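Chemist: My file is upload.tsv. It has TSV, C-alpha atoms:
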chain	number	residue	atom	x	y	z
A	1	TYR	CA	-15.45	22.12	-64.25
A	2	GLY	CA	-17.43	19.78	-66.49
A	3	GLU	CA	-21.11	19.55	-65.55
A	4	ASP	CA	-21.12	20.26	-61.83
A	5	TRP	CA	-23.56	23.07	-62.62
A	6	ARG	CA	-26.20	20.43	-63.32
A	7	TRP	CA	-26.32	18.87	-59.86
A	8	ARG	CA	-26.05	22.34	-58.32
A	9	LEU	CA	-29.18	23.32	-60.30
A	10	ALA	CA	-27.39	26.49	-61.38
A	11	VAL	CA	-29.75	27.00	-64.34
A	12	GLN	CA	-32.92	26.73	-62.25
A	13	PRO	CA	-34.75	29.78	-60.88
A	14	GLY	CA	-34.69	29.94	-57.09
A	15	SER	CA	-31.83	27.46	-56.57
A	16	ARG	CA	-28.97	28.17	-54.17
A	17	ASP	CA	-26.67	28.98	-57.08
A	18	TYR	CA	-29.24	31.44	-58.40
A	19	ILE	CA	-28.34	33.99	-55.72
A	20	ARG	CA	-24.57	33.55	-55.37
A	21	GLY	CA	-21.37	33.34	-57.39
A	22	TRP	CA	-22.42	35.54	-60.31
A	23	LYS	CA	-20.31	38.38	-61.71
A	24	ALA	CA	-20.91	41.15	-64.22
A	25	ALA	CA	-20.42	40.27	-67.89
A	26	VAL	CA	-20.72	42.09	-71.20
A	27	VAL	CA	-22.55	40.67	-74.22
A	28	PRO	CA	-21.26	40.72	-76.91
A	29	GLY	CA	-17.97	39.97	-75.20
A	30	CYS	CA	-15.71	37.22	-73.94
A	31	VAL	CA	-14.99	35.37	-70.71
A	32	LEU	CA	-11.37	36.49	-70.43
A	33	ASN	CA	-12.25	40.18	-70.69
A	34	ASP	CA	-15.01	39.79	-68.09
A	35	LEU	CA	-12.59	38.07	-65.71
A	36	TRP	CA	-10.10	40.89	-66.22
A	37	GLN	CA	-12.70	43.62	-65.65
A	38	ASN	CA	-13.90	41.87	-62.48
A	39	GLY	CA	-10.34	41.68	-61.11
A	40	ASP	CA	-10.14	37.87	-61.23
A	41	ILE	CA	-7.10	37.88	-63.52
A	42	ALA	CA	-4.35	40.41	-64.09
A	43	ASP	CA	-4.13	42.36	-67.35
A	44	PRO	CA	-3.36	39.51	-69.79
A	45	HIS	CA	-1.72	41.93	-72.24
A	46	PHE	CA	1.03	42.93	-69.76
A	47	GLU	CA	4.33	41.06	-69.71
A	48	CYS	CA	3.72	37.33	-68.98
A	49	ASN	CA	0.33	37.75	-67.28
A	50	SER	CA	-1.34	35.76	-70.06
A	51	LEU	CA	0.24	32.62	-68.59
A	52	LEU	CA	-1.76	33.20	-65.40
A	53	SER	CA	-5.10	33.16	-67.27
A	54	GLU	CA	-4.71	30.01	-69.37
A	55	TRP	CA	-6.87	28.09	-66.88
A	56	ALA	CA	-10.01	29.95	-67.95
A	57	CYS	CA	-10.56	28.02	-71.20
A	58	GLN	CA	-10.57	24.75	-69.24
A	59	ARG	CA	-13.70	25.81	-67.35
A	60	THR	CA	-17.39	25.78	-68.17
A	61	TRP	CA	-18.99	29.24	-67.89
A	62	LEU	CA	-22.60	30.25	-67.36
A	63	TYR	CA	-24.26	33.46	-68.54
A	64	ARG	CA	-27.67	34.43	-67.26
A	65	LYS	CA	-30.17	37.17	-68.04
A	66	THR	CA	-33.65	37.97	-66.73
A	67	PHE	CA	-36.08	39.73	-69.05
A	68	THR	CA	-39.79	40.43	-69.40
A	69	PRO	CA	-41.27	39.98	-72.90
A	70	GLU	CA	-44.14	42.28	-73.82
A	71	ALA	CA	-47.60	40.82	-73.41
A	72	GLY	CA	-48.40	41.96	-76.95
A	73	LEU	CA	-46.03	39.33	-78.36
A	74	LYS	CA	-48.25	36.50	-77.16
A	75	GLY	CA	-49.70	34.58	-80.08
A	76	GLN	CA	-46.90	35.56	-82.45
A	77	ARG	CA	-44.06	33.37	-83.60
A	78	VAL	CA	-41.08	34.27	-81.40
A	79	ARG	CA	-37.55	33.00	-81.94
A	80	LEU	CA	-34.49	33.40	-79.70
A	81	VAL	CA	-31.51	34.15	-81.93
A	82	PHE	CA	-27.80	33.83	-81.10
A	83	LYS	CA	-25.67	35.28	-83.88
A	84	GLY	CA	-22.39	33.93	-82.48
A	85	VAL	CA	-21.27	31.85	-79.49
A	86	ASP	CA	-17.76	30.49	-79.04
A	87	TYR	CA	-17.65	27.50	-79.11
A	88	GLN	CA	-20.28	25.11	-77.73
A	89	MET	CA	-23.35	25.99	-75.67
A	90	GLU	CA	-26.55	24.68	-74.13
A	91	VAL	CA	-29.44	27.12	-73.67
A	92	PHE	CA	-31.99	27.06	-70.84
A	93	LEU	CA	-35.18	29.10	-70.60
A	94	ASN	CA	-36.84	29.12	-67.17
A	95	GLY	CA	-34.87	26.01	-66.25
A	96	GLU	CA	-35.86	24.06	-69.38
A	97	SER	CA	-33.24	23.10	-71.97
A	98	LEU	CA	-33.91	24.52	-75.43
A	99	GLY	CA	-31.05	22.59	-77.02
A	100	MET	CA	-27.34	22.71	-77.79
A	101	HIS	CA	-25.26	24.37	-80.50
A	102	THR	CA	-21.68	23.91	-81.65
A	103	GLY	CA	-19.78	26.31	-83.89
A	104	MET	CA	-18.22	29.74	-83.51
A	105	TYR	CA	-19.36	31.19	-86.84
A	106	THR	CA	-22.85	29.71	-87.25
A	107	PRO	CA	-25.96	31.28	-85.67
A	108	ALA	CA	-28.37	29.34	-83.47
A	109	THR	CA	-32.14	29.86	-83.39
A	110	PHE	CA	-34.69	28.47	-80.93
A	111	GLU	CA	-38.49	28.65	-81.16
A	112	VAL	CA	-39.70	30.05	-77.81
A	113	GLY	CA	-43.14	31.49	-78.60
A	114	GLU	CA	-44.97	28.86	-76.57
A	115	ARG	CA	-42.43	28.77	-73.74
A	116	LEU	CA	-42.14	32.42	-72.81
A	117	ARG	CA	-44.04	33.88	-69.85
A	118	TYR	CA	-45.41	37.09	-71.34
A	119	GLY	CA	-45.58	40.08	-69.04
A	120	GLU	CA	-43.58	38.15	-66.43
A	121	GLU	CA	-39.92	37.72	-65.62
A	122	ASN	CA	-38.13	34.98	-67.57
A	123	LEU	CA	-34.70	33.48	-66.88
A	124	LEU	CA	-32.29	32.76	-69.74
A	125	VAL	CA	-29.12	30.81	-68.96
A	126	VAL	CA	-26.41	30.00	-71.51
A	127	VAL	CA	-23.87	27.33	-70.57
A	128	VAL	CA	-20.64	27.76	-72.53
A	129	ALA	CA	-18.59	24.55	-72.47
A	130	GLN	CA	-14.84	24.47	-71.99
A	131	ALA	CA	-12.91	25.28	-75.16
A	132	PRO	CA	-11.90	22.40	-77.42
A	133	GLN	CA	-8.25	21.40	-77.69
A	134	GLU	CA	-6.93	22.83	-80.94
A	135	GLN	CA	-3.72	23.48	-82.83
A	136	PRO	CA	-1.60	26.64	-82.38
A	137	GLN	CA	0.46	28.24	-85.14
A	138	VAL	CA	3.25	25.65	-85.15
A	139	SER	CA	1.28	22.53	-86.06
A	140	ARG	CA	-0.38	20.85	-89.04
A	141	SER	CA	-3.69	21.99	-90.46
A	142	SER	CA	-4.63	18.35	-91.03
A	143	LEU	CA	-4.94	18.03	-87.24
A	144	VAL	CA	-7.52	20.83	-86.94
A	145	ARG	CA	-10.92	19.46	-85.97
A	146	THR	CA	-12.97	22.57	-85.13
A	147	HIS	CA	-14.05	25.71	-86.98
A	148	LYS	CA	-12.61	28.04	-84.35
A	149	ALA	CA	-10.12	30.93	-84.53
A	150	ARG	CA	-6.78	29.13	-84.45
A	151	MET	CA	-4.69	32.14	-83.45
A	152	ASN	CA	-6.33	32.07	-79.99
A	153	TYR	CA	-4.18	29.03	-79.25
A	154	TRP	CA	-0.96	31.03	-79.78
A	155	TRP	CA	0.46	32.83	-82.79
A	156	ASP	CA	3.66	34.68	-83.45
A	157	PHE	CA	2.01	38.05	-82.75
A	158	CYS	CA	-0.18	37.07	-79.76
A	159	PRO	CA	-0.03	34.87	-76.64
A	160	ARG	CA	-2.27	31.88	-75.92
A	161	LEU	CA	-5.62	33.46	-74.96
A	162	VAL	CA	-8.29	30.95	-75.93
A	163	HIS	CA	-11.58	32.74	-76.48
A	164	GLN	CA	-14.94	31.68	-75.03
A	165	GLY	CA	-18.23	33.50	-74.72
A	166	ILE	CA	-21.15	35.13	-76.49
A	167	TRP	CA	-19.32	37.24	-79.05
A	168	ASP	CA	-22.26	38.49	-81.13
A	169	GLU	CA	-25.83	39.72	-80.65
A	170	VAL	CA	-28.63	37.87	-78.84
A	171	TYR	CA	-32.24	38.93	-79.41
A	172	LEU	CA	-35.89	37.90	-79.69
A	173	GLU	CA	-37.38	37.94	-83.18
A	174	ALA	CA	-41.18	38.10	-83.51
A	175	SER	CA	-43.21	37.55	-86.68
A	176	GLY	CA	-46.21	35.77	-88.19
A	177	TYR	CA	-46.20	32.04	-88.81
A	178	ALA	CA	-44.06	32.27	-91.99
A	179	MET	CA	-40.60	33.80	-92.40
A	180	LEU	CA	-38.19	34.30	-95.31
A	181	GLU	CA	-34.71	32.96	-94.67
A	182	ASP	CA	-31.42	32.75	-96.56
A	183	VAL	CA	-32.32	35.25	-99.27
A	184	TYR	CA	-29.68	34.95	-102.01
A	185	VAL	CA	-29.39	37.46	-104.87
A	186	ARG	CA	-27.17	36.67	-107.84
A	187	PRO	CA	-26.64	38.96	-110.87
A	188	VAL	CA	-25.79	37.19	-114.15
A	189	PHE	CA	-24.43	39.45	-116.89
A	190	LYS	CA	-24.92	38.76	-120.57
A	191	GLN	CA	-21.85	38.59	-122.80
A	192	ASN	CA	-22.36	42.11	-124.10
A	193	LEU	CA	-22.54	43.41	-120.51
A	194	GLU	CA	-25.58	45.49	-121.52
A	195	GLN	CA	-28.11	43.20	-119.91
A	196	VAL	CA	-28.17	41.47	-116.56
A	197	GLU	CA	-30.44	38.80	-115.16
A	198	VAL	CA	-31.03	38.97	-111.41
A	199	ARG	CA	-31.78	35.60	-109.83
A	200	VAL	CA	-33.31	35.52	-106.35
A	201	ALA	CA	-33.57	32.40	-104.21
A	202	CYS	CA	-34.91	32.12	-100.68
A	203	ARG	CA	-36.25	29.64	-98.19
A	204	VAL	CA	-39.62	29.91	-96.48
A	205	ASN	CA	-39.74	28.72	-92.88
A	206	SER	CA	-43.29	28.16	-91.65
A	207	THR	CA	-44.84	26.69	-88.52
A	208	ALA	CA	-48.21	26.09	-90.22
A	209	ALA	CA	-49.56	25.04	-93.60
A	210	GLY	CA	-50.79	27.81	-95.85
A	211	LYS	CA	-50.50	29.66	-99.16
A	212	GLY	CA	-48.58	32.84	-99.74
A	213	GLN	CA	-47.17	35.09	-102.43
A	214	ILE	CA	-43.63	36.48	-102.67
A	215	GLU	CA	-42.96	39.67	-104.60
A	216	VAL	CA	-39.48	40.72	-105.71
A	217	LYS	CA	-38.70	44.31	-106.72
A	218	LEU	CA	-35.47	45.68	-108.16
A	219	SER	CA	-34.91	49.39	-107.50
A	220	LEU	CA	-32.41	51.81	-109.01
A	221	GLY	CA	-32.18	55.41	-107.84
A	222	GLY	CA	-35.37	55.02	-105.83
A	223	GLU	CA	-37.40	53.78	-108.81
A	224	THR	CA	-38.61	50.22	-109.42
A	225	VAL	CA	-36.98	48.95	-112.65
A	226	ALA	CA	-38.14	45.33	-112.47
A	227	SER	CA	-40.51	43.21	-110.47
A	228	SER	CA	-41.73	39.63	-110.33
Starting from the file, give its structure as C-alpha cells.
Modeler:
Amino acid sequence: YGEDWRWRLAVQPGSRDYIRGWKAAVVPGCVLNDLWQNGDIADPHFECNSLLSEWACQRTWLYRKTFTPEAGLKGQRVRLVFKGVDYQMEVFLNGESLGMHTGMYTPATFEVGERLRYGEENLLVVVVAQAPQEQPQVSRSSLVRTHKARMNYWWDFCPRLVHQGIWDEVYLEASGYAMLEDVYVRPVFKQNLEQVEVRVACRVNSTAAGKGQIEVKLSLGGETVASS
C-alpha cells in the first residue's frame, strides 16, 4: 500500500526487503498476468474470477533488475529508456531516485552515464504506483482525467481488469554527446502531383556545446535522388 516501501528501504541494495518477497515477472508485461502465473490469483478470464483480482490495482508494485553494463560504455552518453509504463512510476538506480514519470503512452528517458557502475552489478528498481481512479464504459468522457486505457475499468466485452506494469521495452542507449530526436518527415505535393517537396525537421539533444552538420538523403530504389 502507498509508500511503505520507502521506510522498508525496498529499493536499496542490501536491505532486508532486498532478499525477500520478490516474485518472477515478465517485461514487457503486466502485474495481473504475473500474479496469475505465480499462482497468487486464479485465472481472471474464467467465470467470475476477475472479481477476486480487483484488489491488485489498489497496490503499489515494485520491479527490480540487476545488470552489469560493459566497461567500454564508460565515457559515453548513456540513457535509460522506458518506452511504456502504466501508469505512474518512480525509478531508482543503485538506491538513488532518477525521477518520476506519469503517462501510459509517453516514453521516459533518464541520463545515467555518470551514475552507472561500469563492469559492476547495478540495481534498477521501478516503483509502479497504484492505478488512478478512472471511468468505465458507462460514464461521461468529461470526467476522464488520465490518458489511460479506459476499457480496463470495465467494458461490455471485458471485465474490470485495471492494467499496471511495464508494458513496453526498457533498454540502455549509448551514444556521443549529441543525439537526433523527434525526426519528422513531411511530403508536400505540388498541384500537378508531378513534384513533391520533402520537409525534414528534427531536434538535436546535446549535453555539451559544439558545432555539427546534419545531412539528409532521399533514396528511391537504393539510389540517392536528393540530398541536403
Chemist: Would you kindly return, as a JSON list (two decimals) with C-alpha atoms, in the coordinates of the input, each protein, DNA or RNA residue with an atom no farther than 9 Å from any atom of range 202-213 of chain A, considering only C-alpha atoms and excluding same-chain residues fewer than 4 positions away?
Modeler:
[["chain", "number", "residue", "atom", "x", "y", "z"],
["A", 77, "ARG", "CA", -44.06, 33.37, -83.60],
["A", 176, "GLY", "CA", -46.21, 35.77, -88.19],
["A", 177, "TYR", "CA", -46.20, 32.04, -88.81],
["A", 178, "ALA", "CA", -44.06, 32.27, -91.99],
["A", 179, "MET", "CA", -40.60, 33.80, -92.40],
["A", 180, "LEU", "CA", -38.19, 34.30, -95.31],
["A", 181, "GLU", "CA", -34.71, 32.96, -94.67],
["A", 182, "ASP", "CA", -31.42, 32.75, -96.56],
["A", 183, "VAL", "CA", -32.32, 35.25, -99.27],
["A", 184, "TYR", "CA", -29.68, 34.95, -102.01],
["A", 185, "VAL", "CA", -29.39, 37.46, -104.87]]
Chemist: Residues near range 145-161 of chain A, anyone? I mean within 12 Å using all atoms listed in the file, not counting same-chain ones fewer than 4 positions away, as a short mmCIF file (atom, residue, chain, number, x, y, z; two decimals) with C-alpha atoms, in the frame of the given file.
Modeler:
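Dumped to selection.cif:
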data_model
loop_
_atom_site.label_atom_id
_atom_site.label_comp_id
_atom_site.auth_asym_id
_atom_site.auth_seq_id
_atom_site.Cartn_x
_atom_site.Cartn_y
_atom_site.Cartn_z
CA CYS A 30 -15.71 37.22 -73.94
CA VAL A 31 -14.99 35.37 -70.71
CA LEU A 32 -11.37 36.49 -70.43
CA ASN A 33 -12.25 40.18 -70.69
CA ASP A 43 -4.13 42.36 -67.35
CA PRO A 44 -3.36 39.51 -69.79
CA HIS A 45 -1.72 41.93 -72.24
CA PHE A 46 1.03 42.93 -69.76
CA GLU A 47 4.33 41.06 -69.71
CA CYS A 48 3.72 37.33 -68.98
CA ASN A 49 0.33 37.75 -67.28
CA SER A 50 -1.34 35.76 -70.06
CA LEU A 51 0.24 32.62 -68.59
CA LEU A 52 -1.76 33.20 -65.40
CA SER A 53 -5.10 33.16 -67.27
CA GLU A 54 -4.71 30.01 -69.37
CA TRP A 55 -6.87 28.09 -66.88
CA ALA A 56 -10.01 29.95 -67.95
CA CYS A 57 -10.56 28.02 -71.20
CA GLN A 58 -10.57 24.75 -69.24
CA GLY A 84 -22.39 33.93 -82.48
CA VAL A 85 -21.27 31.85 -79.49
CA ASP A 86 -17.76 30.49 -79.04
CA TYR A 87 -17.65 27.50 -79.11
CA GLN A 88 -20.28 25.11 -77.73
CA THR A 102 -21.68 23.91 -81.65
CA GLY A 103 -19.78 26.31 -83.89
CA MET A 104 -18.22 29.74 -83.51
CA TYR A 105 -19.36 31.19 -86.84
CA THR A 106 -22.85 29.71 -87.25
CA ALA A 131 -12.91 25.28 -75.16
CA PRO A 132 -11.90 22.40 -77.42
CA GLN A 133 -8.25 21.40 -77.69
CA GLU A 134 -6.93 22.83 -80.94
CA GLN A 135 -3.72 23.48 -82.83
CA PRO A 136 -1.60 26.64 -82.38
CA GLN A 137 0.46 28.24 -85.14
CA VAL A 138 3.25 25.65 -85.15
CA SER A 139 1.28 22.53 -86.06
CA ARG A 140 -0.38 20.85 -89.04
CA SER A 141 -3.69 21.99 -90.46
#
Chemist: Can you work out the spacing between CA of Leu116 in chain A and CA of Pro13 in chain A in Å, to one decimal?
Modeler: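 The value is 14.3 Å.
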Chemist: Need the shell around range 165-172 of chain A: protein/DNA/RNA residues with any atom at most 10 Å away, counting only C-alpha atoms. Skip same-chain ones fewer than 5 positions apart. Format as a ChimeraX atom specification?
Modeler: /A:25-34,61-63,69,78-89,104-105,107-113,126-129,131
Chemist: Any idea what the distance is between CA of Val91 in chain A and CA of Lys65 in chain A?
Modeler: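 Separation of CA of Val91 in chain A and CA of Lys65 in chain A: 11.5 Å.
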Chemist: Can you tell me, as a count of residues only, what residues are no more than 8 Å from Val198 in chain A when counting all atoms listed in the file, ignoring any on the same chain fewer than 2 positions away?
Modeler: 6
Chemist: Go ahead and compute the interatomic distance for CA of Ile41 in chain A and CA of Phe67 in chain A, in Å to one decimal.
Modeler: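 So the answer is 29.6 Å.
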Chemist: Extending 4 Å beyond the listed atoms of range 4-17 of chain A on each side, what axis-aligned box results? I want centre and edge lengths in Å to one decimal, as JSON.
Modeler:
{"center_x": -27.9, "center_y": 24.4, "center_z": -59.3, "size_x": 21.6, "size_y": 19.1, "size_z": 18.2}
Chemist: Since the input lacks some atoms of range 107-131 of chain A, please model N, CA and C atoms and print them as a tab-separated table (two decimals), in the coordinates of the input.
Modeler:
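So the final result, stored in selection-v3.tsv, reads:
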chain	number	residue	atom	x	y	z
A	107	PRO	N	-24.94	30.82	-86.63
A	107	PRO	CA	-25.96	31.28	-85.67
A	107	PRO	C	-26.80	30.12	-85.17
A	108	ALA	N	-27.47	30.34	-84.05
A	108	ALA	CA	-28.37	29.34	-83.47
A	108	ALA	C	-29.71	30.01	-83.21
A	109	THR	N	-30.80	29.31	-83.55
A	109	THR	CA	-32.14	29.86	-83.39
A	109	THR	C	-33.03	28.85	-82.68
A	110	PHE	N	-33.79	29.32	-81.71
A	110	PHE	CA	-34.69	28.47	-80.93
A	110	PHE	C	-36.10	29.06	-80.94
A	111	GLU	N	-37.10	28.22	-81.21
A	111	GLU	CA	-38.49	28.65	-81.16
A	111	GLU	C	-38.94	28.71	-79.69
A	112	VAL	N	-39.35	29.89	-79.23
A	112	VAL	CA	-39.70	30.05	-77.81
A	112	VAL	C	-41.08	30.67	-77.62
A	113	GLY	N	-41.85	30.82	-78.69
A	113	GLY	CA	-43.14	31.49	-78.60
A	113	GLY	C	-44.09	30.87	-77.60
A	114	GLU	N	-44.05	29.54	-77.49
A	114	GLU	CA	-44.97	28.86	-76.57
A	114	GLU	C	-44.34	28.60	-75.20
A	115	ARG	N	-43.12	29.02	-75.00
A	115	ARG	CA	-42.43	28.77	-73.74
A	115	ARG	C	-42.22	30.03	-72.92
A	116	LEU	N	-42.34	31.17	-73.53
A	116	LEU	CA	-42.14	32.42	-72.81
A	116	LEU	C	-43.31	32.72	-71.87
A	117	ARG	N	-43.01	33.40	-70.78
A	117	ARG	CA	-44.04	33.88	-69.85
A	117	ARG	C	-44.22	35.38	-70.12
A	118	TYR	N	-45.22	35.71	-70.89
A	118	TYR	CA	-45.41	37.09	-71.34
A	118	TYR	C	-45.89	37.98	-70.19
A	119	GLY	N	-45.26	39.16	-70.11
A	119	GLY	CA	-45.58	40.08	-69.04
A	119	GLY	C	-45.01	39.69	-67.70
A	120	GLU	N	-44.22	38.62	-67.66
A	120	GLU	CA	-43.58	38.15	-66.43
A	120	GLU	C	-42.07	38.01	-66.65
A	121	GLU	N	-41.37	37.86	-65.54
A	121	GLU	CA	-39.92	37.72	-65.62
A	121	GLU	C	-39.55	36.31	-66.09
A	122	ASN	N	-38.65	36.23	-67.06
A	122	ASN	CA	-38.13	34.98	-67.57
A	122	ASN	C	-36.63	34.91	-67.29
A	123	LEU	N	-36.12	33.68	-67.13
A	123	LEU	CA	-34.70	33.48	-66.88
A	123	LEU	C	-34.07	32.75	-68.05
A	124	LEU	N	-33.06	33.37	-68.66
A	124	LEU	CA	-32.29	32.76	-69.74
A	124	LEU	C	-30.89	32.46	-69.23
A	125	VAL	N	-30.46	31.21	-69.37
A	125	VAL	CA	-29.12	30.81	-68.96
A	125	VAL	C	-28.43	30.14	-70.14
A	126	VAL	N	-27.21	30.57	-70.44
A	126	VAL	CA	-26.41	30.00	-71.51
A	126	VAL	C	-25.17	29.36	-70.89
A	127	VAL	N	-25.02	28.06	-71.10
A	127	VAL	CA	-23.87	27.33	-70.57
A	127	VAL	C	-22.85	27.18	-71.69
A	128	VAL	N	-21.70	27.83	-71.53
A	128	VAL	CA	-20.64	27.76	-72.53
A	128	VAL	C	-19.62	26.72	-72.07
A	129	ALA	N	-19.48	25.65	-72.84
A	129	ALA	CA	-18.59	24.55	-72.47
A	129	ALA	C	-17.13	24.97	-72.56
A	130	GLN	N	-16.27	24.19	-71.91
A	130	GLN	CA	-14.84	24.47	-71.99
A	130	GLN	C	-14.39	24.41	-73.44
A	131	ALA	N	-13.36	25.18	-73.77
A	131	ALA	CA	-12.91	25.28	-75.16
A	131	ALA	C	-12.31	23.97	-75.63
